[in-house]
Amino acid sequence: MAWRSVAVGLLCLTVPSGVAYAADEAPDTPAKPDVPNIYLDLRTIYATIPAGTLGLGFGNTSLSAAFEALAARRGTTLPNGLPAAKSIAVDLPLTVDVSDRVSLYGGVSGSTTDLGGGWSAFDITSWNIGVQADLYKQNGGRIPTITLQSTLTQSVPNDQGMTNSFNNILEFDYALDEDETRGWLAGVQYTYTTIASPFTSIRPNTILYAGGYYQWPSNWKFTGRLGMQSFGGAQLAGRTLAESFTQPILRLDLDRMDDNDNRLFGITAQISWMPKPAYQVTLRTPLYAVRN
């Protein structure tokens, strides 16, 4: 019995200490990052907008704030209403992914506009702050992921005709596989705008939409959304600046992701009928300070 005890003891000494605990550890579990993602979510937007309307559509709070403020300031000098316009805007929100469920962001936006007489000087036209949070995660269950995004945008400068836009998006994402590389989307976007002018009013804008997405093994991801947009119109001293409408809207996104689903590059094309079509192209080129 003594020899048997000695043999067992020598065998234990030859086994690496990590093996004894292998069953208690999950070797494939990734380590949690020490710091959150921090990046400048640079977005460059080109838009063409038909006469008699504003820069409306999916998530266009900075662009619409610029046009709404412009409409309020120049409404009295535009007897025939708002002309057709072209715009180039740059959004610079600093974004912090606090966790895999919550992101905070805030920054400024600048734009230049052509109303038919040449491009204006590029200038800061709004600032914004916001939060995006997953209220519920599907995690392979039957209830879809529920995401809420809220953004406050204020036009610049802070004077007569200044606008505040409150934009809220509630989206439902039902993944069809465990890796969440394909699935269905449905949601609603509601934008409410106040304006610092007793003579001008801008009614809410609502979008109801549905769509889907697919991500290839190469980490290219395509997303499509099709919906109906309803705008209540805008008035200045009893005169119509922008007509109300209910019309279709289409948005297509192509994104290049990394293995951890961080966006590396994205391009978005949007067509919204108001009732004449407005076109918008957005390039997203995030600049990462920290990327996990």
# chains A, B, ... in the order shown; residues from 1 in each chain; ligands from 1
$ residues_around --residues "range 162-170 of chain A" --least-positions-apart "3" --cutoff "7 Å" --atoms "only C-alpha atoms" --output "list of chain:residue names"
A:Thr61, A:Ala65, A:Glu68, A:Ala69, A:Thr147, A:Leu148, A:Gln149, A:Ser150, A:Thr151, A:Leu152, A:Thr153, A:Gln154, A:Ser155, A:Val156, A:Pro157, A:Asn158, A:Asp159, A:Gly187, A:Val188, A:Gln189, A:Tyr190, A:Thr191, A:Tyr192, A:Thr193, A:Thr194, A:Ile195, A:Ala196
$ closest_residue --among "A:Thr44, A:Thr246, A:Ser99, A:Asn60" --to "Asn292 in chain A" --atoms "only C-alpha atoms"
A:Ser99
$ closest_atom_pairs --of "range 81-190 of chain A" --to "range 34-40 of chain A" --cutoff "9 Å" --atoms "only C-alpha atoms" --output "JSON lines"
{"residue": "A:Leu92", "atom": "CA", "partner": "A:Leu40", "partner_atom": "CA", "distance": 6.3}
{"residue": "A:Pro93", "atom": "CA", "partner": "A:Leu40", "partner_atom": "CA", "distance": 5.9}
{"residue": "A:Leu94", "atom": "CA", "partner": "A:Leu40", "partner_atom": "CA", "distance": 4.5}
{"residue": "A:Thr95", "atom": "CA", "partner": "A:Tyr39", "partner_atom": "CA", "distance": 5.4}
{"residue": "A:Val96", "atom": "CA", "partner": "A:Ile38", "partner_atom": "CA", "distance": 4.7}
{"residue": "A:Asp97", "atom": "CA", "partner": "A:Asn37", "partner_atom": "CA", "distance": 5.1}
{"residue": "A:Val98", "atom": "CA", "partner": "A:Pro36", "partner_atom": "CA", "distance": 5.5}
{"residue": "A:Ser99", "atom": "CA", "partner": "A:Pro36", "partner_atom": "CA", "distance": 6.7}
{"residue": "A:Asp100", "atom": "CA", "partner": "A:Pro36", "partner_atom": "CA", "distance": 8.9}
{"residue": "A:Gly107", "atom": "CA", "partner": "A:Leu40", "partner_atom": "CA", "distance": 9.0}
$ atom_distance --atom1 "CA of Leu176 in chain A" --atom2 "CA of Tyr209 in chain A"
18.9 Å
$ select_by_dssp --residues "range 9-206 of chain A" --states "strand (DSSP E)" --output "VMD selection string"
chain A and resid 37 to 40 43 to 49 85 to 97 102 to 114 123 to 136 145 to 155 163 to 175 182 to 195 200 to 202 205 to 206
$ closest_residue --among "A:Gln160, A:Thr240, A:Ser201, A:Thr282" --to "Asp255 in chain A" --atoms "only C-alpha atoms"
A:Thr282
$ residues_around --residues "range 266-280 of chain A" --least-positions-apart "4" --cutoff "8 Å" --atoms "only C-alpha atoms" --output "VMD selection string"
chain A and resid 45 to 50 53 57 245 to 256 284 to 285
$ residues_around --residues "range 114-124 of chain A" --least-positions-apart "5" --cutoff "10 Å" --atoms "only C-alpha atoms" --output "count of residues only"
19
